[in-house]
Amino acid sequence: MTALAQRSLSAPGLDVEKVRKDFPILGQEVRGKPLVYLDSAATSQKPRAVIDAVARYYLQDNANVHRGVHLLSERATKEYEGAREKVRRFINAARAEEIIFVRGTTEAINLVAQTYGRTRVRAGDEVLITEMEHHSDIVPWQLLCEEKGAVLRVAPIDDDGQLLVDELQRMLGPRTRLLALAHVSNTLGTINPARRIVEIAHRQGIPVLLDGAQAAPHFPIDVRALDCDFYAFSGHKLFGPTGIGVLYGRSELLEEMPPWQGGGDMISSVTFEKTTWNKLPHKFEAGTPDIAGAIGLGAAIDYVGALGFAAIAAHEHDLLTYATEAVREVPGLRLIGTAKEKASVLSFVLGDVHPHDVGTILDQEGIAIRTGHHCTQPLMRRLGVPATARASFAFYNLRSDVDALVAGLHKVQEIFR
Ligand code: PMP
């Protein structure tokens with residue numbers, strides 16, 4: 001370990017070596033080398049506290065929620081609804097009923113498109129997104145616009161991967177029914193000025209959905225300060241389980257939206273002639289939910305809360321700065337995404353070497369990165385690259401992980417020289 005790497009162990013407020021002990025998976029060797037996990041933007045690793053919470057639920061409390069009169073069902077319901085309250089506090093929503101448990105960001109956005117969108121968007125109306133969106137914030141709107149004869153418009157970015165906010169403002173108009181954009185870009189790391197953008201849209205009475213999949217793991221989210229109308233994120237990127245995520249919606253909007261999926265739990269009464277809906281949030285949670293997932297997500301929120309976002313952000317900022325400097329030494333490496341405000345994502349291309357080859361060679365060194373289009377094909381086209389290699393950091397990464405990445409990239413260069 002270099003002296004520089006050693007110093008990172010004492011990054012303010014976070015004892016990373018101690019934190020790493022909470023993540024059993026990080027201690028293993030892969031391909032005969034210590035695992036260097038640099039793919040947390042795809043999915044994060046889970047602390048033992050999350051794994052234990054899920055196991056405890058299945059070992060002690062497993063029962064269906066909101067239904068049984070028996071004790072296990074009571075306990076399961078209490079834990080499930082307790083997790084909802086943890087999420088409410090985590091994003092500072094006004095009420096727990098504004099928190100809808102879904103499968104993840106993708107399902108959250110589809111829910112809004114299929115309920116809010118289908119009732120509000122008509123032929124000739126517009127939905128505005130941006131050039132840096134993930135496919136899950138493009139395709140649901142395309143499906144909606146196709147069905148309704150509406151128009152999907154796309155706000156541009158500059159070559160550094162920053163949103164052109166003035167252009168976006170000009171594209172909002174009387175036909176815009178919704179603005180949907182990433183809080184943080186998964187490919188570029190760009191942090192969009194969400195508060196300012198919401199304010200601009202609201203001046204014209206246009207609601208805003210924020211895709212927070214890449215934001216929630218890195219800094220505190222305050223939906224009331226952001227003043228957004230919808231906020232979506234995934235548990236698995238926030239050190240929680242897969243299969244669980246959150247849609248926050250302003251209660252006035254959720255109240256007037258029709259349900260999406262029909263089934264158990266989302267009803268108040270059913271006859272063959274007519275069904276009435278349950279109150280929020282249950283109106284949007286048809287069927288047996290991912291109870292263990294929600295409980296695991298609650299445990300992840302507790303875990304992150306105990307570390308504190310101030311310490312997490314300081315350490316990740318240190319890692320990103322260190323990594324951005326360190327990769328400059330690698331001949332032929334070009335960073336993709338050089339916005340002023342960035343989360344800890346480092347996308348790059350390496351001369352003519354295909355990113356998949358970069359990823360495969362790094363894998364031989366035990367280093368896990370992501371390569372490809374990152375579910376942002378239109379963004380790749382805009383930037384004129386078919387794919388990138390992407391290293392993404394979480395609070396459990398060390399400067400020595402960056403050193404391993406740089407050494408691996410030198411190896412790639414040697415092979416392709
Ligand atoms: N939006 C962004 C910005 C993402 O990074 C991702 C996941 N890569 C998603 C949406 C989709 O999240 P999920 O697959 O968890 O639904």
# chains A, B, ... in the order shown; residues from 1 in each chain; ligands from 1
>>> closest_atom_pairs(of="chain A", to="ligand 1", cutoff="9 Å", atoms="only C-alpha atoms and all ligand atoms", output="Markdown table")
| residue | atom | partner | partner_atom_place_in_ligand_line | distance |
| --- | --- | --- | --- | --- |
| A:Ala41 | CA | ligand 1 | 5 (O) | 6.5 |
| A:Ala42 | CA | ligand 1 | 8 (N) | 5.4 |
| A:Thr43 | CA | ligand 1 | 8 (N) | 7.8 |
| A:Arg103 | CA | ligand 1 | 16 (O) | 7.0 |
| A:Gly104 | CA | ligand 1 | 16 (O) | 4.2 |
| A:Thr105 | CA | ligand 1 | 16 (O) | 3.9 |
| A:Thr106 | CA | ligand 1 | 16 (O) | 3.7 |
| A:Glu107 | CA | ligand 1 | 16 (O) | 6.3 |
| A:Ala108 | CA | ligand 1 | 16 (O) | 7.9 |
| A:Ile109 | CA | ligand 1 | 10 (C) | 8.6 |
| A:Met132 | CA | ligand 1 | 3 (C) | 8.7 |
| A:Glu133 | CA | ligand 1 | 3 (C) | 6.7 |
| A:His134 | CA | ligand 1 | 1 (N) | 5.0 |
| A:His135 | CA | ligand 1 | 10 (C) | 7.3 |
| A:Ser136 | CA | ligand 1 | 10 (C) | 5.4 |
| A:Asp137 | CA | ligand 1 | 1 (N) | 6.6 |
| A:Leu181 | CA | ligand 1 | 3 (C) | 8.8 |
| A:Ala182 | CA | ligand 1 | 3 (C) | 5.7 |
| A:His183 | CA | ligand 1 | 3 (C) | 7.6 |
| A:Val184 | CA | ligand 1 | 3 (C) | 6.4 |
| A:Ser185 | CA | ligand 1 | 3 (C) | 5.3 |
| A:Asn186 | CA | ligand 1 | 5 (O) | 4.4 |
| A:Thr187 | CA | ligand 1 | 5 (O) | 7.6 |
| A:Asp211 | CA | ligand 1 | 1 (N) | 5.7 |
| A:Gly212 | CA | ligand 1 | 3 (C) | 6.7 |
| A:Ala213 | CA | ligand 1 | 2 (C) | 4.8 |
| A:Gln214 | CA | ligand 1 | 3 (C) | 5.4 |
| A:Ala215 | CA | ligand 1 | 3 (C) | 8.2 |
| A:Ala232 | CA | ligand 1 | 10 (C) | 8.3 |
| A:Phe233 | CA | ligand 1 | 12 (O) | 7.2 |
| A:Ser234 | CA | ligand 1 | 15 (O) | 4.8 |
| A:Gly235 | CA | ligand 1 | 15 (O) | 7.4 |
| A:His236 | CA | ligand 1 | 15 (O) | 6.7 |
| A:Lys237 | CA | ligand 1 | 15 (O) | 7.1 |
| A:Thr242 | CA | ligand 1 | 15 (O) | 7.7 |
| A:Gly243 | CA | ligand 1 | 15 (O) | 7.9 |
| A:Ile244 | CA | ligand 1 | 15 (O) | 8.3 |
| A:Gly245 | CA | ligand 1 | 15 (O) | 7.4 |
| A:His374 | CA | ligand 1 | 8 (N) | 7.0 |
| A:Cys375 | CA | ligand 1 | 8 (N) | 7.0 |
>>> residues_around(residues="Arg382 (chain A)", least_positions_apart="4", cutoff="10 Å", atoms="only C-alpha atoms", output="compact mmCIF listing (two decimals) with all heavy atoms, in the first residue's frame")
# COMPACT_ATOMS: atom_id res chain seq x y z
N GLU A 131 -30.66 14.24 -21.89
CA GLU A 131 -29.81 13.34 -22.68
C GLU A 131 -29.06 12.33 -21.83
O GLU A 131 -28.52 11.37 -22.35
CB GLU A 131 -28.77 14.17 -23.46
CG GLU A 131 -29.31 14.70 -24.76
CD GLU A 131 -28.24 15.44 -25.56
OE1 GLU A 131 -27.36 16.09 -24.96
OE2 GLU A 131 -28.31 15.40 -26.80
N MET A 132 -28.99 12.57 -20.52
CA MET A 132 -28.17 11.66 -19.69
C MET A 132 -29.01 10.60 -18.98
O MET A 132 -28.51 9.91 -18.10
CB MET A 132 -27.34 12.45 -18.68
CG MET A 132 -28.12 13.11 -17.59
SD MET A 132 -27.03 13.90 -16.37
CE MET A 132 -26.70 15.47 -17.15
N PRO A 156 -30.66 19.00 -23.69
CA PRO A 156 -29.27 18.64 -24.03
C PRO A 156 -28.28 18.83 -22.88
O PRO A 156 -28.56 19.50 -21.89
CB PRO A 156 -28.94 19.61 -25.17
CG PRO A 156 -29.77 20.81 -24.90
CD PRO A 156 -31.03 20.33 -24.21
N ILE A 157 -27.10 18.23 -23.06
CA ILE A 157 -25.98 18.38 -22.11
C ILE A 157 -24.78 18.96 -22.87
O ILE A 157 -24.77 18.95 -24.11
CB ILE A 157 -25.58 17.03 -21.49
CG1 ILE A 157 -25.17 16.03 -22.59
CG2 ILE A 157 -26.71 16.46 -20.65
CD1 ILE A 157 -24.51 14.76 -22.05
N ASP A 158 -23.78 19.43 -22.13
CA ASP A 158 -22.54 19.88 -22.80
C ASP A 158 -21.54 18.72 -22.86
O ASP A 158 -21.84 17.61 -22.39
CB ASP A 158 -21.97 21.14 -22.13
CG ASP A 158 -21.47 20.87 -20.70
OD1 ASP A 158 -21.25 19.69 -20.34
OD2 ASP A 158 -21.30 21.85 -19.96
N ASP A 159 -20.35 18.99 -23.41
CA ASP A 159 -19.39 17.91 -23.62
C ASP A 159 -18.78 17.38 -22.32
O ASP A 159 -18.20 16.30 -22.30
CB ASP A 159 -18.27 18.36 -24.58
CG ASP A 159 -18.81 18.58 -25.99
OD1 ASP A 159 -19.89 18.02 -26.31
OD2 ASP A 159 -18.17 19.32 -26.77
N GLY A 161 -20.69 16.73 -19.87
CA GLY A 161 -21.75 15.92 -19.26
C GLY A 161 -22.57 16.71 -18.26
O GLY A 161 -23.13 16.14 -17.32
N GLN A 377 -27.83 4.23 -23.79
CA GLN A 377 -27.38 4.20 -25.19
C GLN A 377 -27.47 5.57 -25.86
O GLN A 377 -26.54 5.97 -26.56
CB GLN A 377 -28.17 3.15 -25.97
CG GLN A 377 -27.70 1.74 -25.66
CD GLN A 377 -28.42 0.67 -26.47
OE1 GLN A 377 -29.31 0.97 -27.26
NE2 GLN A 377 -28.04 -0.56 -26.27
N PRO A 378 -28.59 6.32 -25.66
CA PRO A 378 -28.63 7.64 -26.31
C PRO A 378 -27.51 8.57 -25.83
O PRO A 378 -26.98 9.36 -26.61
CB PRO A 378 -30.00 8.19 -25.91
CG PRO A 378 -30.83 6.97 -25.65
CD PRO A 378 -29.88 5.98 -25.04
N PRO A 386 -19.00 4.18 -28.18
CA PRO A 386 -19.94 3.04 -28.15
C PRO A 386 -20.15 2.52 -26.74
O PRO A 386 -21.17 1.93 -26.43
CB PRO A 386 -19.25 1.99 -29.01
CG PRO A 386 -17.81 2.34 -28.99
CD PRO A 386 -17.70 3.82 -28.76
>>> select_by_dssp(residues="region 125-171 of chain A", states="strand (DSSP E)", output="ChimeraX atom specification")
/A:126-130,151-155
>>> closest_residue(among="A:Ala306, A:Ile291, A:Ala299, A:Leu409", to="Gly332 (chain A)", atoms="only C-alpha atoms")
A:Leu409
>>> residues_around(residues="Val406 (chain A)", least_positions_apart="6", cutoff="12 Å", atoms="only C-alpha atoms", output="number ranges by chain")
A: 36, 322-331, 333, 350, 358, 362, 365, 367, 391, 399-400, 412-413
>>> write_last_selection(atoms="C-alpha atoms", output="tab-separated table (two decimals), in the first residue's frame")
chain	number	residue	atom	x	y	z
A	36	VAL	CA	-11.32	-4.90	-5.53
A	322	TYR	CA	-7.52	10.82	-5.74
A	323	ALA	CA	-8.77	8.56	-8.54
A	324	THR	CA	-9.29	11.40	-11.00
A	325	GLU	CA	-5.67	12.50	-10.45
A	326	ALA	CA	-4.29	8.96	-10.47
A	327	VAL	CA	-5.84	7.87	-13.78
A	328	ARG	CA	-4.36	10.91	-15.52
A	329	GLU	CA	-1.05	9.03	-15.44
A	330	VAL	CA	-2.45	6.28	-17.62
A	331	PRO	CA	-1.48	7.00	-21.23
A	333	LEU	CA	-7.04	7.37	-20.91
A	350	LEU	CA	-8.60	3.80	-22.95
A	358	VAL	CA	-10.40	-3.45	-20.25
A	362	LEU	CA	-9.05	-6.08	-14.86
A	365	GLU	CA	-6.56	-8.95	-11.51
A	367	ILE	CA	-10.88	-5.87	-10.04
A	391	ALA	CA	-15.26	2.44	-11.87
A	399	ARG	CA	-7.25	4.54	-2.02
A	400	SER	CA	-5.43	1.24	-2.41
A	412	VAL	CA	-4.00	-3.38	-20.12
A	413	GLN	CA	-1.82	-0.80	-21.88
>>> residues_around(residues="Gln114 (chain A)", least_positions_apart="5", cutoff="12 Å", atoms="only C-alpha atoms", output="JSON, numbers by chain")
{"A": [107, 108, 109, 119, 120, 121, 139, 140, 141, 142, 143, 144, 145, 147, 148, 257, 258, 259, 260, 261, 284]}
>>> write_last_selection(atoms="C-alpha atoms", output="PDB file, in the first residue's frame")
ATOM      1  CA  GLU A 107     -40.823   0.116 -11.269  1.00  0.00           C
ATOM      2  CA  ALA A 108     -41.262   3.483  -9.531  1.00  0.00           C
ATOM      3  CA  ILE A 109     -40.922   5.364 -12.810  1.00  0.00           C
ATOM      4  CA  THR A 119     -54.455  10.256 -16.812  1.00  0.00           C
ATOM      5  CA  ARG A 120     -52.653  13.561 -17.451  1.00  0.00           C
ATOM      6  CA  VAL A 121     -50.916  13.180 -20.803  1.00  0.00           C
ATOM      7  CA  VAL A 139     -38.541   3.890 -22.131  1.00  0.00           C
ATOM      8  CA  PRO A 140     -41.539   4.244 -19.744  1.00  0.00           C
ATOM      9  CA  TRP A 141     -42.106   7.751 -21.154  1.00  0.00           C
ATOM     10  CA  GLN A 142     -41.689   6.493 -24.724  1.00  0.00           C
ATOM     11  CA  LEU A 143     -44.333   3.836 -24.117  1.00  0.00           C
ATOM     12  CA  LEU A 144     -46.655   6.469 -22.667  1.00  0.00           C
ATOM     13  CA  CYS A 145     -46.058   9.005 -25.434  1.00  0.00           C
ATOM     14  CA  GLU A 147     -49.887   5.314 -26.561  1.00  0.00           C
ATOM     15  CA  LYS A 148     -51.128   8.888 -26.146  1.00  0.00           C
ATOM     16  CA  MET A 257     -53.770   9.080  -9.287  1.00  0.00           C
ATOM     17  CA  PRO A 258     -55.591   5.870 -10.196  1.00  0.00           C
ATOM     18  CA  PRO A 259     -54.079   2.588  -9.000  1.00  0.00           C
ATOM     19  CA  TRP A 260     -51.714   0.741 -11.298  1.00  0.00           C
ATOM     20  CA  GLN A 261     -51.829  -2.949 -10.464  1.00  0.00           C
ATOM     21  CA  PHE A 284     -50.266   1.302  -4.928  1.00  0.00           C
TER      22      PHE A 284
END
>>> closest_residue(among="A:Ser73, A:Arg153, A:Ile191, A:Leu320", to="Thr130 (chain A)", atoms="only C-alpha atoms")
A:Arg153
